[in-house]
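Participant: Sending over protein_36.cif (mmCIF, C-alpha atoms and all ligand atoms).
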data_entry
#
loop_
_atom_site.label_atom_id
_atom_site.label_comp_id
_atom_site.auth_asym_id
_atom_site.auth_seq_id
_atom_site.Cartn_x
_atom_site.Cartn_y
_atom_site.Cartn_z
CA MET A 150 -175.03 24.30 -47.06
CA VAL A 151 -171.94 22.44 -48.22
CA GLU A 152 -168.37 23.44 -47.45
CA PHE A 153 -166.90 26.29 -49.50
CA TYR A 154 -163.95 28.63 -49.72
CA TYR A 155 -163.37 31.89 -51.57
CA GLN A 156 -161.00 32.05 -54.52
CA CYS A 157 -159.49 35.18 -56.06
CA ASN A 158 -160.24 35.55 -59.75
CA ASP A 159 -156.91 37.23 -60.39
CA CYS A 160 -154.24 35.38 -58.35
CA ASN A 161 -156.28 32.20 -57.61
CA LYS A 162 -155.39 32.37 -53.94
CA ARG A 163 -157.90 30.62 -51.65
CA TYR A 164 -159.37 32.03 -48.46
CA GLN A 165 -161.45 30.54 -45.69
CA ARG A 166 -164.93 31.98 -45.22
CA ASP A 167 -164.11 34.39 -42.39
CA GLU A 168 -160.59 35.19 -43.47
CA VAL A 169 -161.85 37.81 -45.95
CA ARG A 170 -165.00 39.81 -46.41
CA TYR A 171 -164.79 41.67 -49.73
CA LEU A 172 -161.93 41.55 -52.26
CA CYS A 173 -158.75 39.46 -52.28
CA PRO A 174 -156.52 41.37 -49.81
CA ALA A 175 -153.52 41.03 -52.14
CA CYS A 176 -155.20 42.03 -55.43
CA GLY A 177 -157.98 44.31 -54.19
CA GLN A 178 -155.55 47.05 -53.25
CA LYS A 179 -154.28 47.14 -56.84
CA THR A 180 -157.64 48.57 -57.95
CA LYS A 181 -156.92 52.02 -59.37
CA PRO A 182 -159.45 54.85 -59.06
CA GLY A 183 -161.57 54.94 -62.20
CA TYR A 184 -160.82 51.31 -63.07
CA PRO A 185 -162.82 48.10 -62.52
CA LEU A 186 -162.30 46.06 -59.34
CA GLN A 187 -159.31 43.75 -58.99
CA GLY A 188 -159.37 40.67 -56.80
CA VAL A 189 -163.10 39.88 -56.98
CA LEU A 190 -163.69 36.62 -55.11
CA SER A 191 -165.69 33.57 -56.19
CA VAL A 192 -167.28 30.96 -53.96
CA ARG A 193 -165.97 27.43 -54.64
CA PHE A 194 -167.99 24.60 -53.14
CA ASP A 195 -167.16 21.02 -52.30
CA TYR A 196 -168.70 19.77 -55.55
CA ASP A 197 -168.47 16.10 -54.57
CA SER A 198 -170.84 16.77 -51.66
CA ILE A 199 -173.29 18.52 -53.98
CA ARG A 200 -173.08 15.58 -56.37
CA GLN A 201 -174.11 13.25 -53.55
CA ARG A 202 -176.80 15.43 -52.00
CA PHE A 203 -178.58 17.09 -54.91
CA LYS A 204 -181.07 15.00 -56.87
CA SER A 205 -183.43 16.48 -59.44
CA ASP A 206 -186.37 14.65 -57.79
CA ARG A 207 -185.34 15.97 -54.38
CA THR A 208 -183.91 19.40 -55.06
CA ASP A 209 -181.89 20.59 -52.08
CA TRP A 210 -181.04 24.10 -53.23
CA SER A 211 -179.21 24.84 -49.99
CA CYS A 212 -176.30 22.92 -51.57
CA PHE A 213 -175.72 25.93 -53.80
CA TYR A 214 -176.03 28.62 -51.10
CA ALA A 215 -172.93 29.90 -49.36
CA ILE A 216 -174.88 30.58 -46.16
CA GLU A 217 -176.91 28.53 -43.70
CA ASP A 218 -180.74 28.55 -44.04
CA ARG A 219 -181.24 29.84 -40.52
CA TYR A 220 -179.82 33.27 -41.35
CA PHE A 221 -182.23 34.04 -44.18
CA PRO A 222 -184.49 37.07 -43.58
CA PRO A 223 -188.28 36.64 -43.87
CA TYR A 224 -188.08 38.06 -47.38
CA PRO A 225 -188.83 35.35 -49.93
CA VAL A 226 -187.43 36.01 -53.40
CA GLY A 227 -187.21 34.20 -56.71
CA ASN A 228 -189.42 31.42 -58.05
CA THR A 229 -190.42 33.89 -60.73
CA PRO A 230 -192.31 32.76 -63.84
CA PHE A 231 -190.53 31.16 -66.78
CA ALA A 232 -192.63 30.92 -69.90
CA LYS A 233 -192.49 30.52 -73.64
CA VAL A 234 -193.46 33.68 -75.53
CA GLU A 235 -194.54 32.33 -78.88
CA SER A 236 -195.92 35.50 -80.40
CA LEU A 237 -192.94 37.68 -79.47
CA GLY A 238 -190.59 35.01 -80.83
CA LYS A 239 -192.48 34.82 -84.08
CA ASP A 240 -192.37 38.60 -84.49
CA LEU A 241 -188.60 38.48 -84.11
CA GLY A 242 -188.06 35.46 -86.36
CA PHE A 243 -187.41 32.78 -83.72
CA THR A 244 -189.44 29.69 -82.83
CA ASN A 245 -188.36 29.00 -79.26
CA VAL A 246 -188.13 32.20 -77.20
CA TRP A 247 -188.72 32.18 -73.44
CA VAL A 248 -188.91 34.85 -70.79
CA LYS A 249 -187.68 34.63 -67.20
CA ASN A 250 -189.71 37.37 -65.54
CA ASP A 251 -187.59 38.53 -62.63
CA GLY A 252 -189.42 41.84 -62.49
CA LEU A 253 -191.88 39.89 -60.32
CA ASN A 254 -189.54 39.74 -57.36
CA PRO A 255 -190.80 41.54 -54.22
CA SER A 256 -189.08 44.84 -54.97
CA GLY A 257 -189.55 44.45 -58.71
CA SER A 258 -186.07 43.45 -59.80
CA LEU A 259 -183.56 40.63 -59.90
CA LYS A 260 -181.48 42.53 -57.32
CA ASP A 261 -183.64 40.96 -54.60
CA ARG A 262 -181.71 37.74 -55.05
CA ALA A 263 -178.46 39.42 -54.01
CA SER A 264 -180.01 41.53 -51.26
CA GLN A 265 -181.61 38.48 -49.63
CA LEU A 266 -178.22 36.79 -49.37
CA LEU A 267 -176.42 39.92 -48.15
CA VAL A 268 -178.99 40.52 -45.42
CA ALA A 269 -178.56 36.87 -44.40
CA GLU A 270 -174.81 37.49 -44.22
CA ALA A 271 -175.44 40.59 -42.08
CA ASN A 272 -177.48 38.36 -39.74
CA ARG A 273 -174.65 35.86 -39.53
CA LEU A 274 -172.07 38.56 -38.81
CA ASP A 275 -174.47 40.41 -36.51
CA GLU A 276 -174.02 43.63 -38.50
CA LYS A 277 -176.82 46.12 -37.82
CA SER A 278 -176.45 48.23 -40.94
CA ILE A 279 -175.86 47.52 -44.60
CA VAL A 280 -174.52 50.12 -46.99
CA THR A 281 -174.77 50.20 -50.76
CA ALA A 282 -174.15 52.30 -53.81
CA SER A 283 -176.72 51.68 -56.49
CA THR A 284 -178.05 52.88 -59.82
CA GLY A 285 -181.45 52.35 -58.16
CA ASN A 286 -182.68 48.78 -58.02
CA ALA A 287 -180.02 47.36 -55.72
CA ALA A 288 -180.98 50.09 -53.26
CA CYS A 289 -184.74 49.48 -53.57
CA SER A 290 -184.16 45.84 -52.95
CA LEU A 291 -181.75 46.33 -50.06
CA ALA A 292 -184.19 48.78 -48.46
CA ALA A 293 -186.96 46.19 -48.63
CA ALA A 294 -184.93 43.18 -47.50
CA ALA A 295 -183.33 45.16 -44.67
CA ALA A 296 -186.78 46.32 -43.53
CA ALA A 297 -187.95 42.70 -43.35
CA ALA A 298 -184.92 41.80 -41.25
CA GLY A 299 -185.02 44.84 -38.96
CA LYS A 300 -181.70 46.17 -40.26
CA ARG A 301 -180.68 49.68 -41.23
CA ALA A 302 -180.06 50.29 -44.94
CA ILE A 303 -177.84 53.22 -45.93
CA ILE A 304 -178.02 54.07 -49.59
CA LEU A 305 -175.96 56.24 -51.93
CA VAL A 306 -177.58 56.82 -55.32
CA PRO A 307 -177.16 59.28 -58.18
CA HIS A 308 -179.81 61.97 -57.69
CA THR A 309 -180.97 61.29 -61.26
CA ALA A 310 -182.40 57.85 -60.32
CA PRO A 311 -186.08 57.53 -61.35
CA GLN A 312 -188.50 59.01 -58.80
CA GLU A 313 -190.34 55.71 -58.39
CA LYS A 314 -187.12 54.04 -57.28
CA LEU A 315 -186.34 56.82 -54.78
CA VAL A 316 -189.86 56.44 -53.38
CA GLN A 317 -189.37 52.69 -53.10
CA MET A 318 -186.21 53.14 -51.03
CA LEU A 319 -187.82 55.71 -48.74
CA ILE A 320 -191.06 53.85 -48.10
CA HIS A 321 -189.09 50.98 -46.56
CA GLY A 322 -187.37 53.38 -44.18
CA ALA A 323 -183.90 53.36 -45.68
CA GLN A 324 -181.53 56.25 -45.15
CA VAL A 325 -181.17 57.63 -48.67
CA ILE A 326 -178.34 59.93 -49.68
CA PRO A 327 -178.80 61.19 -53.28
CA ILE A 328 -175.43 62.15 -54.73
CA LYS A 329 -174.89 65.04 -57.14
CA GLY A 330 -172.81 62.79 -59.32
CA THR A 331 -172.85 59.46 -61.09
CA TYR A 332 -173.31 55.90 -59.88
CA ASP A 333 -169.53 55.58 -60.05
CA ASP A 334 -169.17 58.46 -57.56
CA ALA A 335 -171.68 56.74 -55.28
CA PHE A 336 -169.72 53.47 -55.54
CA ARG A 337 -166.45 55.11 -54.52
CA LEU A 338 -168.08 57.01 -51.64
CA SER A 339 -169.85 53.94 -50.27
CA LEU A 340 -166.50 52.15 -49.97
CA GLU A 341 -165.13 55.12 -48.04
CA PHE A 342 -168.28 55.08 -45.95
CA THR A 343 -167.91 51.49 -44.71
CA GLN A 344 -164.16 51.91 -44.27
CA SER A 345 -164.83 54.87 -41.97
CA TYR A 346 -168.04 53.86 -40.20
CA GLY A 347 -168.30 50.09 -40.57
CA GLY A 348 -171.43 48.14 -41.43
CA LEU A 349 -171.67 45.56 -44.18
CA ASN A 350 -171.03 46.81 -47.71
CA ARG A 351 -173.37 45.32 -50.31
CA ASN A 352 -171.74 46.84 -53.38
CA THR A 353 -172.12 44.63 -56.39
CA ALA A 354 -169.07 42.39 -57.06
CA TYR A 355 -167.23 44.04 -54.16
CA HIS A 356 -169.07 41.60 -51.90
CA PRO A 357 -168.70 38.11 -53.39
CA LEU A 358 -172.14 36.99 -52.22
CA THR A 359 -173.79 39.44 -54.65
CA ILE A 360 -172.63 37.14 -57.45
CA GLU A 361 -173.88 34.07 -55.57
CA GLY A 362 -177.26 35.71 -55.02
CA LYS A 363 -177.72 36.60 -58.67
CA LYS A 364 -176.63 33.08 -59.55
CA THR A 365 -179.92 31.68 -58.30
CA VAL A 366 -181.74 32.96 -61.39
CA GLY A 367 -179.61 30.61 -63.49
CA LEU A 368 -180.34 27.65 -61.22
CA GLU A 369 -184.07 28.39 -61.48
CA ILE A 370 -183.99 28.63 -65.26
CA TRP A 371 -182.33 25.21 -65.38
CA ALA A 372 -184.87 23.63 -63.01
CA GLN A 373 -187.90 25.27 -64.68
CA ASN A 374 -186.58 24.14 -68.03
CA ASN A 375 -186.93 20.52 -66.89
CA PHE A 376 -183.33 20.39 -65.74
CA THR A 377 -181.96 21.17 -69.16
CA VAL A 378 -179.67 23.96 -70.33
CA PRO A 379 -181.13 26.45 -72.82
CA ASP A 380 -179.04 27.29 -75.87
CA VAL A 381 -178.84 31.04 -75.29
CA ILE A 382 -179.54 33.44 -72.41
CA VAL A 383 -179.74 37.16 -73.21
CA VAL A 384 -178.68 39.35 -70.27
CA PRO A 385 -178.73 43.14 -69.85
CA VAL A 386 -175.35 44.20 -68.44
CA GLY A 387 -174.29 47.15 -66.30
CA ASP A 388 -171.63 46.21 -63.75
CA GLY A 389 -171.54 42.67 -65.13
CA VAL A 390 -172.60 40.84 -61.98
CA ILE A 391 -175.88 39.33 -63.21
CA ILE A 392 -174.21 37.82 -66.26
CA SER A 393 -171.37 36.50 -64.08
CA GLY A 394 -173.93 35.05 -61.68
CA VAL A 395 -175.79 33.30 -64.50
CA PHE A 396 -172.47 31.88 -65.70
CA LYS A 397 -171.61 30.75 -62.18
CA ALA A 398 -174.92 28.86 -61.92
CA PHE A 399 -174.14 26.71 -64.93
CA GLU A 400 -170.49 26.39 -63.96
CA ASP A 401 -171.54 25.09 -60.51
CA LEU A 402 -174.07 22.70 -62.07
CA LYS A 403 -171.42 21.40 -64.43
CA LYS A 404 -168.83 20.94 -61.67
CA ALA A 405 -171.43 19.04 -59.63
CA GLY A 406 -172.01 16.73 -62.59
CA LEU A 407 -175.61 17.88 -63.08
CA THR A 408 -175.15 19.26 -66.60
CA ASP A 409 -172.55 18.84 -69.28
CA ARG A 410 -172.79 22.13 -71.13
CA LEU A 411 -173.14 25.90 -70.73
CA PRO A 412 -175.70 28.21 -72.32
CA ARG A 413 -174.24 30.82 -74.68
CA LEU A 414 -174.45 34.10 -72.80
CA VAL A 415 -175.28 37.24 -74.73
CA CYS A 416 -174.21 40.54 -73.14
CA VAL A 417 -176.49 43.47 -73.98
CA GLN A 418 -175.47 47.04 -73.25
CA ALA A 419 -176.78 50.45 -74.17
CA GLU A 420 -174.78 51.99 -77.00
CA SER A 421 -174.16 55.09 -74.88
CA SER A 422 -172.85 53.10 -71.91
CA ALA A 423 -170.95 50.16 -73.31
CA ALA A 424 -167.72 49.68 -71.34
CA VAL A 425 -168.28 45.92 -70.93
CA HIS A 426 -169.10 45.50 -74.62
CA HIS A 427 -165.97 47.43 -75.54
CA PHE A 428 -163.83 45.27 -73.28
CA ILE A 429 -165.31 42.02 -74.58
CA THR A 430 -164.80 42.98 -78.20
CA THR A 431 -161.40 44.72 -77.98
CA GLY A 432 -159.78 43.48 -74.76
CA GLU A 433 -159.25 47.07 -73.69
CA PHE A 434 -160.85 49.02 -70.90
CA ARG A 435 -162.41 52.34 -71.78
CA ARG A 436 -164.70 54.27 -69.48
CA ALA A 437 -168.23 54.88 -70.77
CA ALA A 438 -170.58 57.80 -70.29
CA PRO A 439 -173.48 56.77 -68.08
CA ALA A 440 -176.11 58.41 -70.25
CA SER A 441 -178.78 55.87 -71.20
CA ILE A 442 -182.50 55.83 -70.53
CA ALA A 443 -181.71 52.28 -69.37
CA ASP A 444 -180.58 53.64 -65.99
CA SER A 445 -179.92 50.23 -64.42
CA ILE A 446 -177.23 49.45 -66.98
CA SER A 447 -175.75 52.95 -67.15
CA VAL A 448 -172.33 52.40 -65.65
CA SER A 449 -169.13 54.16 -66.54
CA VAL A 450 -166.68 51.84 -64.74
CA PRO A 451 -168.30 48.39 -64.51
CA SER A 452 -167.03 46.76 -61.32
CA ASN A 453 -167.15 43.19 -62.60
CA ILE A 454 -165.99 43.69 -66.16
CA PHE A 455 -163.32 40.96 -66.16
CA MET A 456 -165.58 38.18 -64.89
CA ALA A 457 -168.39 39.27 -67.22
CA SER A 458 -166.05 39.15 -70.19
CA ARG A 459 -164.88 35.67 -69.22
CA ALA A 460 -168.50 34.51 -68.87
CA VAL A 461 -169.24 35.59 -72.44
CA HIS A 462 -166.08 34.12 -73.96
CA GLU A 463 -166.10 30.82 -72.05
CA SER A 464 -169.77 30.20 -72.80
CA GLY A 465 -169.27 30.78 -76.52
CA GLY A 466 -171.53 33.80 -76.38
CA PHE A 467 -171.13 37.31 -77.70
CA SER A 468 -171.87 40.93 -76.94
CA LEU A 469 -173.88 43.67 -78.65
CA THR A 470 -175.25 47.13 -78.04
CA VAL A 471 -178.66 48.67 -78.62
CA ASN A 472 -179.57 52.33 -78.97
CA GLU A 473 -182.16 54.36 -77.08
CA ASN A 474 -184.86 54.01 -79.75
CA ASP A 475 -184.28 50.24 -79.98
CA ILE A 476 -184.76 49.99 -76.22
CA LEU A 477 -188.06 51.88 -76.19
CA ALA A 478 -189.30 49.88 -79.19
CA GLY A 479 -188.31 46.66 -77.41
CA GLN A 480 -190.18 47.76 -74.28
CA SER A 481 -193.31 48.42 -76.30
CA LEU A 482 -193.09 45.16 -78.27
CA LEU A 483 -192.58 43.09 -75.11
CA ALA A 484 -195.56 44.78 -73.46
CA ARG A 485 -197.83 44.29 -76.47
CA ARG A 486 -196.86 40.72 -77.26
CA THR A 487 -196.43 39.17 -73.82
CA GLY A 488 -198.25 41.32 -71.26
CA ILE A 489 -194.96 41.98 -69.51
CA PHE A 490 -194.08 45.58 -68.64
CA ALA A 491 -190.31 45.78 -68.23
CA GLU A 492 -188.12 48.72 -67.32
CA PRO A 493 -185.88 49.98 -70.16
CA SER A 494 -182.78 48.06 -69.03
CA ALA A 495 -184.69 44.78 -69.05
CA ALA A 496 -186.35 45.58 -72.37
CA ALA A 497 -182.89 45.99 -73.91
CA THR A 498 -182.93 42.18 -74.25
CA VAL A 499 -185.85 42.38 -76.69
CA ALA A 500 -184.07 45.08 -78.68
CA ALA A 501 -181.03 42.81 -78.74
CA LEU A 502 -182.99 39.86 -80.07
CA ALA A 503 -184.25 41.97 -82.96
CA LYS A 504 -180.62 42.75 -83.82
CA ILE A 505 -179.52 39.15 -83.38
CA ARG A 506 -182.04 38.11 -86.03
CA ASP A 507 -180.36 40.42 -88.51
CA THR A 508 -176.86 39.14 -87.77
CA LYS A 509 -178.04 35.49 -87.73
CA SER A 510 -175.61 34.74 -84.89
CA VAL A 511 -178.21 32.47 -83.27
CA ASP A 512 -180.18 29.69 -85.01
CA ALA A 513 -183.86 30.39 -85.56
CA ASP A 514 -184.82 27.24 -83.62
CA ASP A 515 -182.45 27.65 -80.69
CA GLN A 516 -184.01 27.89 -77.25
CA ILE A 517 -183.45 31.52 -76.26
CA VAL A 518 -184.18 32.93 -72.81
CA LEU A 519 -184.63 36.67 -72.33
CA LEU A 520 -183.77 37.69 -68.79
CA VAL A 521 -186.30 40.34 -67.79
CA THR A 522 -184.51 41.91 -64.84
CA GLY A 523 -186.82 44.72 -63.70
CA HIS A 524 -190.45 45.89 -63.68
CA GLY A 525 -191.69 48.72 -65.90
CA LEU A 526 -193.58 50.49 -63.12
CA LYS A 527 -190.20 51.43 -61.64
CA ASP A 528 -189.74 54.08 -64.31
CA VAL A 529 -193.00 55.35 -65.72
CA ARG A 530 -191.50 58.54 -67.16
CA SER A 531 -189.33 56.60 -69.60
CA ALA A 532 -192.17 54.34 -70.69
CA LYS A 533 -194.29 57.45 -71.31
CA LEU A 534 -191.84 58.94 -73.80
CA ASN A 535 -193.47 57.24 -76.78
CA LEU A 536 -197.02 57.27 -75.43
CA LEU A 537 -199.77 59.84 -75.49
CA ILE A 538 -202.24 59.81 -72.63
CA PRO A 539 -205.56 60.69 -74.31
CA ASP A 540 -207.40 63.87 -73.31
CA ALA A 541 -210.54 63.28 -71.28
CA VAL A 542 -213.84 63.35 -73.19
CA GLU A 543 -217.37 64.33 -72.19
CA PRO A 544 -219.29 61.48 -70.54
CA ASN A 545 -221.41 60.48 -73.54
CA MET A 546 -221.30 57.90 -76.33
CA GLU A 547 -220.84 60.48 -79.10
CA ALA A 548 -217.61 61.66 -77.53
CA ILE A 549 -216.42 58.05 -77.08
CA ASN A 550 -217.22 57.23 -80.70
CA ALA A 551 -215.44 60.35 -81.88
CA MET A 552 -212.34 59.34 -79.93
CA LEU A 553 -212.38 55.75 -81.20
CA THR A 554 -212.56 57.02 -84.76
CA ALA A 555 -209.76 59.52 -84.19
CA GLN A 556 -207.49 56.84 -82.66
CA LYS A 557 -207.96 54.35 -85.52
C1 LIG B 601 -178.77 45.89 -62.03
C2 LIG B 601 -179.60 45.65 -63.21
C3 LIG B 601 -179.05 45.19 -64.42
C4 LIG B 601 -177.58 44.97 -64.64
O1 LIG B 601 -176.97 44.07 -63.73
P1 LIG B 601 -175.39 44.13 -63.49
O2 LIG B 601 -175.12 43.10 -62.51
O3 LIG B 601 -175.10 45.52 -63.00
O4 LIG B 601 -174.75 43.89 -64.81
C5 LIG B 601 -179.91 44.98 -65.47
N1 LIG B 601 -181.24 45.22 -65.36
C6 LIG B 601 -181.78 45.66 -64.22
C7 LIG B 601 -183.24 45.93 -64.19
C8 LIG B 601 -180.99 45.88 -63.11
O5 LIG B 601 -181.56 46.36 -61.99
ZN ZN B 602 -155.81 37.83 -55.54
#
What would you get if you wrote out this structure as structure tokens?
Facilitator:
Amino acid sequence: MVEFYYQCNDCNKRYQRDEVRYLCPACGQKTKPGYPLQGVLSVRFDYDSIRQRFKSDRTDWSCFYAIEDRYFPPYPVGNTPFAKVESLGKDLGFTNVWVKNDGLNPSGSLKDRASQLLVAEANRLDEKSIVTASTGNAACSLAAAAAAAGKRAIILVPHTAPQEKLVQMLIHGAQVIPIKGTYDDAFRLSLEFTQSYGGLNRNTAYHPLTIEGKKTVGLEIWAQNNFTVPDVIVVPVGDGVIISGVFKAFEDLKKAGLTDRLPRLVCVQAESSAAVHHFITTGEFRRAAPASIADSISVSVPSNIFMASRAVHESGGFSLTVNENDILAGQSLLARRTGIFAEPSAAATVAALAKIRDTKSVDADDQIVLLVTGHGLKDVRSAKLNLLIPDAVEPNMEAINAMLTAQK
């Protein structure tokens, strides 16, 4: 670890590590109910130390972690595959498309990167329980990481979360409280919960280390890409923390003198839940209806909207939306062309790339990375919507032949 402090994204005030835990004390209290968080903090390192310590032939990743190695739970995350997907790219009219498959994290989503760090922080602070609101995956991942560390996970989720995700949380022994309401209700209640009963709150963006955890996917992409920066990274966006984390990775690398440019970040949202997209394109905040099949990006009041918007603008990127049919078609195309089964939110990136081809906002030969954030087995019901499971046939060759002919 190298020295760091926290800095408020709104008033720029700096805080020592143990002076604050969640939001900037001055700005955080200005957050109005029903509006995105104010006073989200960012970790700022001593970049000169990183410059001296980090060499690409001797990669000391601890330079980029705002917590000491010894606190990490026995829950390894990351190091997920990064590969070129020639045939998918060709189908979509691009020559250099890559996939970062973060659905292959232990709990099946990118959220493991944040949960690992938050459980480490709970170890450091000697907190026995960790509380989170979640659309689903953050909770699955917290449940798993907390189990590995012997901590108690307390989870507030909308009762509409996919069954597979609820099962995931329960199998790890988390205390699960399904809420008859939206993710945004769960978010608000989880803040009240830790204010009343204590414990460490893992809510995305509310705890600054969630952004640092998600950042590691950007660092990995850079290293796996032979320490070069891709032209474009396509990111599915709900609360806007993953995209802010990816931005932070390249911002940190640049400040440490390890790169000299940023990838263009593309924000993808579901048409029916597009508060971040609306803010990026109009500068105005408008609540969305959390109504998409892409449950992990269905957020009405995205907590990290301001930072996400800055990440898109400062990287020279842009934002777009995809509809429900696009998402399911993207999921199917990804599965058929690459062998990767992604949950709808993650497959939204493929749907986006199909749209990007039509708008020509990215060059056909640019290196494009699709960030696959979650595994398809987490939501089988959605994947099944456009599929027909064949009826069973009699156990003989005639029946098999009849079925093959019928399915042609
Ligand atoms: C959480 C999540 C997202 C969105 O991340 P945000 O930080 O909320 O923007 C996208 N895809 C999957 C699979 C997720 O679990
Ligand atoms: Zn502030």
Participant: At most 6 Å is the cut-off: for each residue in chain A with any atom that close to an atom of ligand LIG 601 (chain B), write down the nearest atom pair and the distance in Å rounded to one decimal, counting all atoms listed in the file, chain first then increasing number, as CSV.
Facilitator:
residue,atom,partner,partner_atom,distance
A:Ser258,CA,B:LIG601,C7,5.8
A:Asn286,CA,B:LIG601,O5,4.8
A:Pro385,CA,B:LIG601,C5,4.9
A:Val386,CA,B:LIG601,O4,3.7
A:Gly387,CA,B:LIG601,O4,3.6
A:Asp388,CA,B:LIG601,O3,3.6
A:Gly389,CA,B:LIG601,O4,3.4
A:Val390,CA,B:LIG601,O2,3.4
A:Ile391,CA,B:LIG601,O2,3.9
A:Ser445,CA,B:LIG601,C8,4.7
A:Ile446,CA,B:LIG601,C4,5.1
A:Ser494,CA,B:LIG601,N1,4.9
A:Ala495,CA,B:LIG601,N1,5.1
A:Thr522,CA,B:LIG601,C7,4.3
A:Gly523,CA,B:LIG601,C7,3.8
Participant: Can you list, as a list in words, every protein, DNA or RNA residue that comes within 9 Å of Ala335 (chain A) when you count all atoms listed in the file, leaving out same-chain residues fewer than 2 positions away?
Facilitator: Thr281, Ala282, Ser283, Thr284, Ile304, Leu305, Val306, Pro307, Pro327, Ile328, Gly330, Thr331, Tyr332, Asp333, Arg337, Leu338, Ser339 and Leu340 of chain A
Participant: Could you report the residues within 10 Å of ligand ZN 602 (chain B), using all atoms listed in the file, as a CSV table (one decimal) with C-alpha atoms, keeping the file's coordinate frame?
Facilitator:
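As written to disk, out_39.csv reads:
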chain,number,residue,atom,x,y,z
A,156,GLN,CA,-161.0,32.0,-54.5
A,157,CYS,CA,-159.5,35.2,-56.1
A,158,ASN,CA,-160.2,35.6,-59.8
A,159,ASP,CA,-156.9,37.2,-60.4
A,160,CYS,CA,-154.2,35.4,-58.4
A,161,ASN,CA,-156.3,32.2,-57.6
A,162,LYS,CA,-155.4,32.4,-53.9
A,163,ARG,CA,-157.9,30.6,-51.6
A,164,TYR,CA,-159.4,32.0,-48.5
A,172,LEU,CA,-161.9,41.6,-52.3
A,173,CYS,CA,-158.8,39.5,-52.3
A,174,PRO,CA,-156.5,41.4,-49.8
A,175,ALA,CA,-153.5,41.0,-52.1
A,176,CYS,CA,-155.2,42.0,-55.4
A,177,GLY,CA,-158.0,44.3,-54.2
A,178,GLN,CA,-155.6,47.0,-53.2
A,179,LYS,CA,-154.3,47.1,-56.8
A,187,GLN,CA,-159.3,43.8,-59.0
A,188,GLY,CA,-159.4,40.7,-56.8
A,189,VAL,CA,-163.1,39.9,-57.0
A,190,LEU,CA,-163.7,36.6,-55.1
Participant: For Asn472 (chain A), work out the shell of residues within 8 Å, counting all atoms listed in the file and skipping chain neighbours fewer than 6 positions away, then give it as a list in words.
Facilitator: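 With the cut-off at 8 Å, the set is Ala419, Glu420 and Ser421 of chain A.
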Participant: Within 8 Å of (-187.8, 45.2, -60.4), all atoms listed in the file: residues as JSON, numbers by chain?
Facilitator: {"A": [251, 252, 253, 254, 255, 256, 257, 258, 259, 260, 286, 492, 522, 523, 524, 525, 527]}
Participant: For region 321-336 of chain A, I'd like the enclosing box, axis-aligned and padded by 6 Å on every side, reported as JSON with centre and edge lengths in Å to one decimal.
Facilitator:
{"center_x": -179.1, "center_y": 58.0, "center_z": -52.6, "size_x": 31.9, "size_y": 26.1, "size_z": 28.9}
Participant: Report, in Å with one decimal, the straight-line distance from CA of Ser531 (chain A) to CA of Ile476 (chain A).
Facilitator: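 Between CA of Ser531 (chain A) and CA of Ile476 (chain A) the gap works out to 10.4 Å.
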Participant: Which distance in Å separates CA of Val542 (chain A) and CA of Ser481 (chain A), to one decimal?
Facilitator: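 Between CA of Val542 (chain A) and CA of Ser481 (chain A) the gap works out to 25.6 Å.
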Participant: From the set A:Val417, A:Ala354, A:Ser236, A:Asn453, which residue has the shortest atom-to-atom contact distance to Ala496 (chain A), counting all atoms listed in the file?
Facilitator: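 Smallest separation from Ala496 (chain A) among the options: A:Val417.
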Participant: Here is a test: counting only C-alpha atoms, which residue of A:Ile303, A:Ala478, A:Leu368, A:Val325 is nearest to Thr208 (chain A)?
Facilitator: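 Smallest separation from Thr208 (chain A) among the options: A:Leu368.
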Participant: Could you jot down the CA of Val151 (chain A) to CA of Ala372 (chain A) separation for me, Å, one decimal place?
Facilitator: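 According to the coordinates, CA of Val151 (chain A) and CA of Ala372 (chain A) are separated by 19.7 Å.
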Participant: Go through A:Ser205, A:Ser191, A:Gln324, A:Thr470 one by one, measure the shortest atom-to-atom distance of each to Phe376 (chain A) using all atoms listed in the file, and give the residue with the smallest value.
Facilitator: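 Of the candidates, the smallest distance to Phe376 (chain A) is held by A:Ser205.
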Participant: Can you work out which one of A:Asp514, A:Leu349, A:Ser449, A:Ser441 has the shortest atom-to-atom distance to Ala424 (chain A), counting all atoms listed in the file?
Facilitator: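 Ranking A:Asp514, A:Leu349, A:Ser449, A:Ser441 by distance to Ala424 (chain A), first place goes to A:Ser449.
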Participant: For a quick check of understanding, using only C-alpha atoms, which of A:Ala288, A:Ala405, A:Leu267, A:Ala296 has the smallest distance to Asp195 (chain A)?
Facilitator: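 The answer is A:Ala405, which sits nearest to Asp195 (chain A).
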Participant: Using only C-alpha atoms, which residues sit within 9 Å of Arg200 (chain A) once same-chain residues fewer than 6 positions away are excluded, as a list in words?
Facilitator: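 Result of the neighbour search: Lys404, Ala405, Gly406 and Leu407 of chain A.
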Participant: So, counting all atoms listed in the file, which residue among A:Asp401, A:Asp275, A:Glu168, A:Asp528 is closest to Asp444 (chain A)?
Facilitator: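 The closest residue to Asp444 (chain A) is A:Asp528.
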Participant: Mind checking which residues fall within 10 Å of Val234 (chain A), counting only C-alpha atoms, ignoring those fewer than 2 positions away in the same chain, and posting them as a PyMOL selection string?
Facilitator: chain A and resi 231-232+236-239+244-248+483+486-488+518-519
Participant: Residues within 6 Å of (-181.2, 28.6, -73.3), file coordinates, counting all atoms listed in the file: what are they? Give the list as an NGL selection string.
Facilitator: :A and (378-382 or 412 or 516-518)
